[in-house]
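Listing of data22.cif; format and content: mmCIF, N, CA and C atoms.
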```
data_upload
loop_
_atom_site.label_atom_id
_atom_site.label_comp_id
_atom_site.auth_asym_id
_atom_site.auth_seq_id
_atom_site.Cartn_x
_atom_site.Cartn_y
_atom_site.Cartn_z
N ILE F 1 4.91 14.28 -81.86
CA ILE F 1 5.93 15.22 -82.31
C ILE F 1 6.83 14.54 -83.34
N ASP F 2 7.27 13.34 -83.03
CA ASP F 2 8.18 12.63 -83.95
C ASP F 2 7.51 12.38 -85.29
N ARG F 3 6.27 11.92 -85.27
CA ARG F 3 5.57 11.63 -86.52
C ARG F 3 5.42 12.90 -87.37
N THR F 4 5.07 14.00 -86.73
CA THR F 4 4.90 15.26 -87.45
C THR F 4 6.22 15.71 -88.08
N ILE F 5 7.29 15.62 -87.32
CA ILE F 5 8.60 16.01 -87.84
C ILE F 5 9.03 15.07 -88.96
N HIS F 6 8.80 13.78 -88.79
CA HIS F 6 9.16 12.82 -89.84
C HIS F 6 8.42 13.15 -91.15
N GLU F 7 7.11 13.33 -91.05
CA GLU F 7 6.31 13.60 -92.25
C GLU F 7 6.72 14.92 -92.89
N ALA F 8 6.93 15.95 -92.10
CA ALA F 8 7.32 17.26 -92.65
C ALA F 8 8.69 17.19 -93.32
N THR F 9 9.60 16.41 -92.74
CA THR F 9 10.94 16.26 -93.33
C THR F 9 10.85 15.55 -94.67
N MET F 10 10.12 14.46 -94.73
CA MET F 10 9.98 13.69 -95.96
C MET F 10 9.25 14.48 -97.05
N GLU F 11 8.23 15.25 -96.66
CA GLU F 11 7.51 16.08 -97.63
C GLU F 11 8.43 17.08 -98.31
N ARG F 12 9.48 17.47 -97.62
CA ARG F 12 10.43 18.46 -98.17
C ARG F 12 11.60 17.79 -98.88
N LYS F 13 11.44 16.50 -99.15
CA LYS F 13 12.47 15.72 -99.88
C LYS F 13 13.80 15.67 -99.13
N MET F 14 13.71 15.63 -97.80
CA MET F 14 14.88 15.48 -96.95
C MET F 14 14.75 14.14 -96.21
N TYR F 15 15.80 13.78 -95.49
CA TYR F 15 15.76 12.57 -94.67
C TYR F 15 16.10 12.95 -93.23
N PRO F 16 15.37 12.42 -92.24
CA PRO F 16 15.67 12.73 -90.84
C PRO F 16 16.98 12.04 -90.40
N SER F 17 18.01 12.82 -90.20
CA SER F 17 19.34 12.27 -89.90
C SER F 17 19.39 11.32 -88.70
N PRO F 18 18.67 11.56 -87.62
CA PRO F 18 18.79 10.65 -86.48
C PRO F 18 18.23 9.24 -86.74
N LEU F 19 17.27 9.13 -87.64
CA LEU F 19 16.58 7.86 -87.84
C LEU F 19 17.57 6.78 -88.28
N ASN F 20 17.71 5.75 -87.45
CA ASN F 20 18.61 4.61 -87.66
C ASN F 20 20.09 4.96 -87.48
N TYR F 21 20.40 6.15 -87.01
CA TYR F 21 21.80 6.51 -86.73
C TYR F 21 22.21 5.76 -85.46
N TYR F 22 23.13 4.83 -85.58
CA TYR F 22 23.50 3.95 -84.46
C TYR F 22 22.26 3.37 -83.79
N ASN F 23 21.32 2.94 -84.60
CA ASN F 23 20.05 2.31 -84.19
C ASN F 23 19.10 3.26 -83.46
N PHE F 24 19.28 4.56 -83.60
CA PHE F 24 18.34 5.51 -82.99
C PHE F 24 16.98 5.29 -83.66
N PRO F 25 15.90 5.10 -82.88
CA PRO F 25 14.63 4.66 -83.45
C PRO F 25 13.69 5.76 -83.96
N LYS F 26 14.05 7.02 -83.82
CA LYS F 26 13.11 8.09 -84.15
C LYS F 26 13.72 9.10 -85.12
N SER F 27 12.88 10.01 -85.59
CA SER F 27 13.30 11.01 -86.58
C SER F 27 13.77 12.32 -85.98
N CYS F 28 13.57 12.48 -84.68
CA CYS F 28 14.03 13.68 -83.99
C CYS F 28 14.38 13.29 -82.55
N CYS F 29 14.92 14.23 -81.83
CA CYS F 29 15.20 14.03 -80.41
C CYS F 29 14.31 14.97 -79.61
N THR F 30 13.70 14.45 -78.56
CA THR F 30 12.92 15.28 -77.64
C THR F 30 13.46 15.05 -76.24
N SER F 31 14.07 16.06 -75.70
CA SER F 31 14.67 15.96 -74.37
C SER F 31 13.80 16.73 -73.39
N VAL F 32 13.21 16.01 -72.47
CA VAL F 32 12.26 16.59 -71.53
C VAL F 32 12.91 16.74 -70.16
N ASN F 33 12.82 17.95 -69.62
CA ASN F 33 13.30 18.28 -68.28
C ASN F 33 14.77 17.94 -68.08
N GLU F 34 15.09 16.95 -67.25
CA GLU F 34 16.48 16.69 -66.89
C GLU F 34 17.26 15.92 -67.96
N ILE F 35 16.62 15.50 -69.05
CA ILE F 35 17.33 14.82 -70.13
C ILE F 35 18.17 15.90 -70.84
N ILE F 36 19.49 15.72 -70.86
CA ILE F 36 20.37 16.76 -71.38
C ILE F 36 20.21 16.95 -72.88
N CYS F 37 20.31 15.87 -73.63
CA CYS F 37 20.11 15.95 -75.08
C CYS F 37 19.93 14.55 -75.64
N HIS F 38 19.50 14.50 -76.89
CA HIS F 38 19.31 13.25 -77.64
C HIS F 38 18.30 12.31 -76.99
N GLY F 39 17.28 12.89 -76.34
CA GLY F 39 16.21 12.08 -75.78
C GLY F 39 15.40 11.42 -76.88
N ILE F 40 14.90 10.21 -76.61
CA ILE F 40 14.11 9.47 -77.58
C ILE F 40 12.63 9.76 -77.34
N PRO F 41 11.93 10.29 -78.35
CA PRO F 41 10.50 10.55 -78.18
C PRO F 41 9.76 9.28 -77.75
N ASP F 42 8.85 9.43 -76.80
CA ASP F 42 8.08 8.28 -76.34
C ASP F 42 6.63 8.71 -76.12
N SER F 43 5.87 7.87 -75.47
CA SER F 43 4.44 8.15 -75.30
C SER F 43 4.11 8.88 -74.01
N ARG F 44 5.13 9.29 -73.27
CA ARG F 44 4.88 10.02 -72.01
C ARG F 44 4.14 11.32 -72.32
N PRO F 45 3.00 11.53 -71.69
CA PRO F 45 2.29 12.79 -71.92
C PRO F 45 3.10 13.97 -71.35
N LEU F 46 3.19 15.03 -72.09
CA LEU F 46 3.85 16.23 -71.58
C LEU F 46 2.95 16.86 -70.54
N GLU F 47 3.58 17.45 -69.52
CA GLU F 47 2.83 18.01 -68.39
C GLU F 47 3.10 19.49 -68.24
N ASP F 48 2.18 20.16 -67.58
CA ASP F 48 2.32 21.58 -67.31
C ASP F 48 3.65 21.83 -66.60
N GLY F 49 4.44 22.76 -67.13
CA GLY F 49 5.72 23.11 -66.53
C GLY F 49 6.92 22.39 -67.11
N ASP F 50 6.69 21.39 -67.97
CA ASP F 50 7.81 20.68 -68.59
C ASP F 50 8.63 21.62 -69.47
N ILE F 51 9.93 21.36 -69.52
CA ILE F 51 10.84 22.00 -70.47
C ILE F 51 11.11 20.95 -71.54
N VAL F 52 10.90 21.30 -72.81
CA VAL F 52 11.11 20.35 -73.90
C VAL F 52 12.08 20.95 -74.91
N ASN F 53 13.16 20.21 -75.17
CA ASN F 53 14.08 20.61 -76.23
C ASN F 53 13.83 19.72 -77.43
N LEU F 54 13.53 20.35 -78.56
CA LEU F 54 13.32 19.63 -79.82
C LEU F 54 14.58 19.79 -80.65
N ASP F 55 15.17 18.67 -81.04
CA ASP F 55 16.39 18.66 -81.84
C ASP F 55 16.03 18.00 -83.17
N VAL F 56 16.03 18.80 -84.23
CA VAL F 56 15.63 18.33 -85.55
C VAL F 56 16.85 18.38 -86.47
N SER F 57 17.19 17.22 -87.02
CA SER F 57 18.34 17.11 -87.92
C SER F 57 17.88 16.52 -89.24
N SER F 58 18.38 17.08 -90.33
CA SER F 58 17.97 16.60 -91.64
C SER F 58 19.15 16.48 -92.59
N TYR F 59 19.01 15.54 -93.52
CA TYR F 59 19.99 15.34 -94.57
C TYR F 59 19.38 15.87 -95.86
N PHE F 60 20.07 16.83 -96.50
CA PHE F 60 19.55 17.47 -97.69
C PHE F 60 20.71 17.86 -98.59
N ASN F 61 20.59 17.52 -99.85
CA ASN F 61 21.63 17.86 -100.84
C ASN F 61 23.03 17.45 -100.37
N GLY F 62 23.12 16.26 -99.78
CA GLY F 62 24.40 15.72 -99.39
C GLY F 62 24.97 16.23 -98.08
N MET F 63 24.19 16.98 -97.32
CA MET F 63 24.69 17.54 -96.06
C MET F 63 23.71 17.28 -94.91
N HIS F 64 24.28 17.08 -93.72
CA HIS F 64 23.50 16.96 -92.49
C HIS F 64 23.57 18.30 -91.75
N ALA F 65 22.44 18.77 -91.30
CA ALA F 65 22.40 19.99 -90.49
C ALA F 65 21.31 19.81 -89.44
N ASP F 66 21.44 20.53 -88.35
CA ASP F 66 20.40 20.43 -87.33
C ASP F 66 20.13 21.77 -86.69
N LEU F 67 19.04 21.78 -85.98
CA LEU F 67 18.66 22.96 -85.19
C LEU F 67 17.87 22.45 -84.01
N ASN F 68 17.79 23.26 -83.00
CA ASN F 68 16.94 22.87 -81.89
C ASN F 68 16.32 24.10 -81.26
N GLU F 69 15.26 23.86 -80.56
CA GLU F 69 14.55 24.92 -79.86
C GLU F 69 14.02 24.35 -78.56
N THR F 70 14.07 25.14 -77.51
CA THR F 70 13.54 24.74 -76.22
C THR F 70 12.25 25.50 -75.97
N VAL F 71 11.23 24.77 -75.57
CA VAL F 71 9.91 25.36 -75.33
C VAL F 71 9.40 24.91 -73.96
N PHE F 72 8.47 25.67 -73.45
CA PHE F 72 7.80 25.32 -72.20
C PHE F 72 6.43 24.74 -72.52
N VAL F 73 6.01 23.80 -71.71
CA VAL F 73 4.65 23.29 -71.79
C VAL F 73 3.88 23.96 -70.66
N GLY F 74 2.86 24.71 -71.00
CA GLY F 74 2.08 25.39 -69.97
C GLY F 74 2.89 26.47 -69.27
N ARG F 75 2.77 26.51 -67.95
CA ARG F 75 3.44 27.53 -67.14
C ARG F 75 4.65 26.95 -66.43
N PRO F 76 5.84 27.40 -66.80
CA PRO F 76 7.05 26.91 -66.12
C PRO F 76 7.25 27.62 -64.78
N ASN F 77 8.02 26.99 -63.90
CA ASN F 77 8.35 27.67 -62.66
C ASN F 77 9.49 28.67 -62.91
N ASP F 78 9.76 29.52 -61.95
CA ASP F 78 10.75 30.59 -62.12
C ASP F 78 12.15 30.05 -62.41
N GLU F 79 12.54 28.96 -61.75
CA GLU F 79 13.88 28.40 -61.96
C GLU F 79 14.02 27.84 -63.37
N SER F 80 12.97 27.25 -63.91
CA SER F 80 13.00 26.75 -65.29
C SER F 80 13.17 27.90 -66.28
N VAL F 81 12.45 28.98 -66.05
CA VAL F 81 12.57 30.16 -66.92
C VAL F 81 14.00 30.70 -66.85
N ARG F 82 14.56 30.77 -65.65
CA ARG F 82 15.93 31.26 -65.49
C ARG F 82 16.94 30.38 -66.22
N LEU F 83 16.77 29.06 -66.12
CA LEU F 83 17.65 28.12 -66.79
C LEU F 83 17.60 28.28 -68.31
N VAL F 84 16.41 28.32 -68.86
CA VAL F 84 16.27 28.43 -70.32
C VAL F 84 16.75 29.80 -70.80
N HIS F 85 16.49 30.84 -70.03
CA HIS F 85 16.99 32.17 -70.39
C HIS F 85 18.52 32.17 -70.37
N CYS F 86 19.12 31.53 -69.39
CA CYS F 86 20.58 31.44 -69.32
C CYS F 86 21.13 30.72 -70.55
N ALA F 87 20.53 29.60 -70.92
CA ALA F 87 21.00 28.86 -72.10
C ALA F 87 20.91 29.72 -73.35
N TYR F 88 19.84 30.48 -73.48
CA TYR F 88 19.68 31.38 -74.63
C TYR F 88 20.76 32.46 -74.61
N GLN F 89 21.02 33.03 -73.45
CA GLN F 89 22.06 34.06 -73.35
C GLN F 89 23.44 33.49 -73.68
N CYS F 90 23.69 32.24 -73.27
CA CYS F 90 24.95 31.58 -73.63
C CYS F 90 25.09 31.51 -75.14
N LEU F 91 24.02 31.13 -75.81
CA LEU F 91 24.02 31.05 -77.28
C LEU F 91 24.27 32.42 -77.89
N MET F 92 23.57 33.42 -77.42
CA MET F 92 23.72 34.77 -77.97
C MET F 92 25.13 35.32 -77.74
N ASP F 93 25.70 35.06 -76.57
CA ASP F 93 27.06 35.51 -76.28
C ASP F 93 28.06 34.82 -77.21
N ALA F 94 27.87 33.52 -77.44
CA ALA F 94 28.78 32.79 -78.32
C ALA F 94 28.66 33.31 -79.76
N ILE F 95 27.45 33.57 -80.22
CA ILE F 95 27.27 34.10 -81.57
C ILE F 95 27.95 35.46 -81.69
N ALA F 96 27.79 36.29 -80.66
CA ALA F 96 28.41 37.63 -80.69
C ALA F 96 29.94 37.54 -80.71
N ALA F 97 30.49 36.47 -80.17
CA ALA F 97 31.95 36.32 -80.11
C ALA F 97 32.55 35.81 -81.42
N VAL F 98 31.72 35.34 -82.32
CA VAL F 98 32.22 34.80 -83.59
C VAL F 98 32.71 35.95 -84.47
N LYS F 99 33.99 35.88 -84.82
CA LYS F 99 34.59 36.87 -85.71
C LYS F 99 35.90 36.29 -86.22
N PRO F 100 36.44 36.86 -87.28
CA PRO F 100 37.70 36.33 -87.79
C PRO F 100 38.77 36.27 -86.70
N GLY F 101 39.46 35.15 -86.65
CA GLY F 101 40.54 34.97 -85.69
C GLY F 101 40.13 34.33 -84.39
N THR F 102 38.84 34.25 -84.11
CA THR F 102 38.38 33.60 -82.89
C THR F 102 38.45 32.09 -83.09
N MET F 103 39.11 31.41 -82.17
CA MET F 103 39.24 29.96 -82.27
C MET F 103 38.02 29.27 -81.67
N TYR F 104 37.64 28.14 -82.28
CA TYR F 104 36.49 27.38 -81.76
C TYR F 104 36.63 27.10 -80.28
N LYS F 105 37.83 26.74 -79.85
CA LYS F 105 38.01 26.32 -78.46
C LYS F 105 37.72 27.45 -77.47
N HIS F 106 37.69 28.68 -77.91
CA HIS F 106 37.41 29.79 -77.00
C HIS F 106 35.92 30.12 -76.88
N MET F 107 35.10 29.47 -77.68
CA MET F 107 33.65 29.64 -77.53
C MET F 107 33.21 29.10 -76.17
N GLY F 108 33.87 28.03 -75.73
CA GLY F 108 33.53 27.47 -74.42
C GLY F 108 33.77 28.43 -73.28
N ASP F 109 34.80 29.27 -73.42
CA ASP F 109 35.07 30.29 -72.39
C ASP F 109 33.88 31.22 -72.26
N VAL F 110 33.36 31.64 -73.39
CA VAL F 110 32.23 32.58 -73.43
C VAL F 110 30.98 31.93 -72.83
N ILE F 111 30.71 30.71 -73.25
CA ILE F 111 29.51 30.00 -72.79
C ILE F 111 29.59 29.72 -71.29
N GLU F 112 30.73 29.21 -70.85
CA GLU F 112 30.88 28.86 -69.44
C GLU F 112 30.82 30.10 -68.54
N ALA F 113 31.38 31.20 -69.00
CA ALA F 113 31.35 32.43 -68.20
C ALA F 113 29.92 32.93 -68.01
N ARG F 114 29.12 32.90 -69.06
CA ARG F 114 27.73 33.35 -68.93
C ARG F 114 26.96 32.41 -67.99
N ALA F 115 27.13 31.11 -68.15
CA ALA F 115 26.42 30.16 -67.29
C ALA F 115 26.77 30.39 -65.82
N ALA F 116 28.05 30.65 -65.55
CA ALA F 116 28.51 30.88 -64.17
C ALA F 116 27.85 32.12 -63.57
N LYS F 117 27.64 33.15 -64.40
CA LYS F 117 26.96 34.37 -63.90
C LYS F 117 25.56 34.07 -63.41
N TYR F 118 24.93 33.07 -63.97
CA TYR F 118 23.58 32.66 -63.56
C TYR F 118 23.61 31.63 -62.43
N GLY F 119 24.82 31.17 -62.09
CA GLY F 119 24.94 30.15 -61.06
C GLY F 119 24.74 28.73 -61.59
N PHE F 120 24.83 28.57 -62.90
CA PHE F 120 24.70 27.26 -63.52
C PHE F 120 26.06 26.78 -64.00
N SER F 121 26.15 25.49 -64.27
CA SER F 121 27.36 24.92 -64.86
C SER F 121 26.99 24.37 -66.24
N VAL F 122 28.01 23.99 -66.98
CA VAL F 122 27.83 23.49 -68.34
C VAL F 122 28.22 22.02 -68.38
N VAL F 123 27.41 21.20 -69.02
CA VAL F 123 27.70 19.78 -69.15
C VAL F 123 28.91 19.60 -70.05
N ARG F 124 29.90 18.88 -69.58
CA ARG F 124 31.15 18.70 -70.32
C ARG F 124 31.09 17.53 -71.31
N THR F 125 30.08 16.69 -71.19
CA THR F 125 30.00 15.46 -71.98
C THR F 125 29.71 15.71 -73.46
N TYR F 126 28.98 16.77 -73.77
CA TYR F 126 28.55 17.01 -75.13
C TYR F 126 29.20 18.25 -75.71
N ASN F 127 29.17 18.34 -77.02
CA ASN F 127 29.73 19.51 -77.70
C ASN F 127 28.92 19.77 -78.97
N GLY F 128 29.16 20.92 -79.55
CA GLY F 128 28.51 21.26 -80.81
C GLY F 128 29.28 20.67 -81.97
N HIS F 129 28.67 20.70 -83.14
CA HIS F 129 29.30 20.12 -84.32
C HIS F 129 28.95 20.96 -85.54
N GLY F 130 29.61 20.66 -86.61
CA GLY F 130 29.41 21.40 -87.84
C GLY F 130 28.33 20.83 -88.73
N ILE F 131 28.08 21.53 -89.82
CA ILE F 131 27.22 21.06 -90.90
C ILE F 131 28.15 20.35 -91.86
N ALA F 132 27.85 19.08 -92.17
CA ALA F 132 28.81 18.31 -92.96
C ALA F 132 28.15 17.16 -93.70
N GLU F 133 28.95 16.50 -94.54
CA GLU F 133 28.47 15.33 -95.27
C GLU F 133 28.24 14.15 -94.33
N MET F 134 28.97 14.11 -93.23
CA MET F 134 28.78 13.07 -92.21
C MET F 134 28.04 13.69 -91.03
N PHE F 135 27.21 12.89 -90.37
CA PHE F 135 26.40 13.36 -89.25
C PHE F 135 27.26 13.46 -87.99
N HIS F 136 27.09 14.55 -87.24
CA HIS F 136 27.80 14.80 -85.98
C HIS F 136 29.32 14.81 -86.14
N CYS F 137 29.78 15.49 -87.15
CA CYS F 137 31.22 15.60 -87.40
C CYS F 137 31.70 17.02 -87.12
N GLY F 138 33.03 17.19 -87.19
CA GLY F 138 33.66 18.47 -86.92
C GLY F 138 33.19 19.56 -87.88
N PRO F 139 33.50 20.77 -87.52
CA PRO F 139 34.34 21.12 -86.39
C PRO F 139 33.63 20.92 -85.06
N CYS F 140 34.42 20.67 -84.04
CA CYS F 140 33.91 20.41 -82.70
C CYS F 140 33.89 21.73 -81.92
N LEU F 141 32.75 22.07 -81.36
CA LEU F 141 32.61 23.29 -80.57
C LEU F 141 32.37 22.90 -79.12
N LEU F 142 33.36 23.17 -78.27
CA LEU F 142 33.21 22.88 -76.84
C LEU F 142 32.32 23.93 -76.19
N TYR F 143 31.48 23.47 -75.27
CA TYR F 143 30.62 24.38 -74.51
C TYR F 143 31.27 24.81 -73.21
N THR F 144 32.44 24.25 -72.92
CA THR F 144 33.16 24.57 -71.70
C THR F 144 34.56 25.07 -72.04
N SER F 145 35.19 25.71 -71.08
CA SER F 145 36.55 26.19 -71.30
C SER F 145 37.48 24.99 -71.47
N PRO F 146 38.45 25.11 -72.39
CA PRO F 146 39.39 24.01 -72.54
C PRO F 146 40.27 23.89 -71.30
N SER F 147 40.78 22.70 -71.07
CA SER F 147 41.70 22.52 -69.95
C SER F 147 42.97 23.32 -70.23
N PRO F 148 43.74 23.69 -69.20
CA PRO F 148 44.95 24.48 -69.41
C PRO F 148 45.91 23.87 -70.43
N ARG F 149 45.98 22.53 -70.49
CA ARG F 149 46.90 21.91 -71.44
C ARG F 149 46.41 22.04 -72.89
N ASP F 150 45.10 22.33 -73.07
CA ASP F 150 44.56 22.48 -74.42
C ASP F 150 44.61 23.92 -74.92
N SER F 151 44.90 24.85 -74.04
CA SER F 151 44.84 26.27 -74.41
C SER F 151 45.98 26.69 -75.29
#
```

Go ahead and render the structure in this file as structure tokens.
Amino acid sequence: IDRTIHEATMERKMYPSPLNYYNFPKSCCTSVNEIICHGIPDSRPLEDGDIVNLDVSSYFNGMHADLNETVFVGRPNDESVRLVHCAYQCLMDAIAAVKPGTMYKHMGDVIEARAAKYGFSVVRTYNGHGIAEMFHCGPCLLYTSPSPRDS
């Protein structure tokens, strides 16, 4: 997967942003099953039922941008389908909430509320970021509700 993404990125006259970023050794991130994000692609064979998140980031025309997609390998179990569907619904709810006057910090309210309806929680350690000249820079988008002192 990493080799294919690296070659496709270079063919398009872009550079894979993760490569050598704080010594990251690969051109993309592959997070399998319980790996939350920024997993390092390795030689582990993917197995039936695995959940794989592909995070592809590229530098083009002076800007870093990324996208990711979560896919199933073979047939996932029902709980895996529910988890990935919940994450997708969180994304769709947050996109629907974007409008003039909505503050970034309130996106976490939307995301966390949807996750709670499914009985899931949201990892507080990571956040979203903007498209920028620097990799992984602001604006910062929290996936969780801000603490009362931040509101």

(request) Within 7 Å of Val71 in chain F, counting all atoms listed in the file, which residues show up once you throw out same-chain ones fewer than 4 positions away? Write them as a list in words, please. (result)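 Returned residues: Asp50, Ile51, Val52, Asn53 and Leu54 of chain F.
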
(request) Counting only C-alpha atoms, figure out which residue out of F:Pro76, F:Pro41, F:Pro18, F:Gly128 gets nearest to Val56 in chain F. (result)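 Looking only at the distances to Val56 in chain F, the closest residue turns out to be F:Pro18.
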
(request) Rank nothing, just name the residue among F:Ala65, F:Ser80, F:Ile36, F:Val122 nearest to His136 in chain F, using only N, CA and C atoms. (result)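 Checking each candidate against His136 in chain F, we get F:Ala65 as the closest.
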
Using all atoms listed in the file, tabulate the residues of range 74-96 of chain F lying at most 6.5 Å from any atom of range 101-113 of chain F, each with its closest atom pair and that distance in Å to one decimal, by chain and increasing residue number, as a Markdown table.
```
| residue | atom | partner | partner_atom | distance |
| --- | --- | --- | --- | --- |
| F:Cys90 | CA | F:Ile111 | CA | 4.9 |
| F:Leu91 | N | F:Ile111 | CA | 6.4 |
| F:Asp93 | C | F:Val110 | C | 6.0 |
| F:Ala94 | N | F:Val110 | C | 5.8 |
```

(request) Point out the residue among F:Arg82, F:Lys117, F:His129, F:His64 with the least atom-to-atom distance to Met14 in chain F, counting only C-alpha atoms. (result)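 When distances to Met14 in chain F are compared using only C-alpha atoms, the smallest one comes from F:His64.
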
(message) Quick check, in Å to one decimal: how far apart do atom N of Lys26 in chain F and atom C of Tyr59 in chain F lie?
(response)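 Separation of atom N of Lys26 in chain F and atom C of Tyr59 in chain F: 15.9 Å.
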
(message) Please enumerate the residues selected by the PyMOL selection byres (((chain F and resi 86 and name CA) around 9) and name CA) when evaluated against the supplied file, formatted as a VMD selection string.
(response) chain F and resid 81 to 85 87 to 91 114 to 115 117 to 118 120

(message) I'd like the neighbourhood of Ile1 in chain F as a count of residues only, where a residue qualifies if any of its atoms comes within 8 Å (using all atoms listed in the file), though same-chain residues fewer than 3 positions away should be ignored.
(response) 7

Please expand the PyMOL selection byres ((chain F and resi 124) around 8) into the concrete residues it hits in this file, giving the result as a short mmCIF file (atom, residue, chain, number, x, y, z; two decimals) with N, CA and C atoms, keeping the file's coordinate frame.
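And here is the file that came out, part.cif:
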```
data_model
loop_
_atom_site.label_atom_id
_atom_site.label_comp_id
_atom_site.auth_asym_id
_atom_site.auth_seq_id
_atom_site.Cartn_x
_atom_site.Cartn_y
_atom_site.Cartn_z
N SER F 121 26.15 25.49 -64.27
CA SER F 121 27.36 24.92 -64.86
C SER F 121 26.99 24.37 -66.24
N VAL F 122 28.01 23.99 -66.98
CA VAL F 122 27.83 23.49 -68.34
C VAL F 122 28.22 22.02 -68.38
N VAL F 123 27.41 21.20 -69.02
CA VAL F 123 27.70 19.78 -69.15
C VAL F 123 28.91 19.60 -70.05
N THR F 125 30.08 16.69 -71.19
CA THR F 125 30.00 15.46 -71.98
C THR F 125 29.71 15.71 -73.46
N TYR F 126 28.98 16.77 -73.77
CA TYR F 126 28.55 17.01 -75.13
C TYR F 126 29.20 18.25 -75.71
N ASN F 127 29.17 18.34 -77.02
CA ASN F 127 29.73 19.51 -77.70
C ASN F 127 28.92 19.77 -78.97
N LEU F 142 33.36 23.17 -78.27
CA LEU F 142 33.21 22.88 -76.84
C LEU F 142 32.32 23.93 -76.19
N TYR F 143 31.48 23.47 -75.27
CA TYR F 143 30.62 24.38 -74.51
C TYR F 143 31.27 24.81 -73.21
N THR F 144 32.44 24.25 -72.92
CA THR F 144 33.16 24.57 -71.70
C THR F 144 34.56 25.07 -72.04
#
```

(request) Any chance you could resolve the PyMOL selection byres ((chain F and resi 61) around 8) against this file and give the residues as a ChimeraX atom specification? (result) /F:13-15,58-60,62-64,133

(request) Just give me the gap between CA of Asp78 in chain F and CA of Met92 in chain F in Å, one decimal is fine. (result)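 Interatomic distance here is 20.9 Å.
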
With all atoms of range 18-31 of chain F from the file as input, state the centre and edge lengths in Å to one decimal of the axis-aligned box that has 4 Å extra on each side, as AutoDock Vina command-line options.
```
--center_x 18.2 --center_y 9.5 --center_z -80.8 --size_x 18.6 --size_y 22.4 --size_z 22.9
```

(request) For atom C of Asp55 in chain F and CA of Glu69 in chain F, determine how far apart the two atoms are, in Å to one decimal place. (result)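 These two atoms are separated by 7.8 Å.
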
(request) Between F:Phe72, F:Arg3, F:Cys37, F:Cys140, single out the one closest to Pro25 in chain F, counting only C-alpha atoms. (result)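 Nearest to Pro25 in chain F: F:Arg3.
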
(request) Choose the residue, out of F:Met10, F:Pro139, F:Asn77, F:Asp2, that has the smallest atom-to-atom separation from Asp42 in chain F; count only N, CA and C atoms. (result)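 Using only N, CA and C atoms, Asp42 in chain F sits closest to F:Asp2.
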
(request) Report as number ranges by chain: the residues of range 17-126 of chain F with a DSSP assignment of helix (DSSP H, G or I), based on the backbone of this structure. (result) F: 21-23, 78-97, 104-117

(message) For the strand (DSSP E) assignment from backbone DSSP, which residues of chain F qualify? Please present them as a VMD selection string.
(response) chain F and resid 15 to 16 29 to 32 51 to 60 63 to 72 127 to 128 141 to 142

(request) Measuring atom to atom with only C-alpha atoms, identify which of F:Ser17, F:Ser145, F:Ser43, F:Asn23 is nearest to Asp66 in chain F. (result)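 Closest candidate: F:Ser17.
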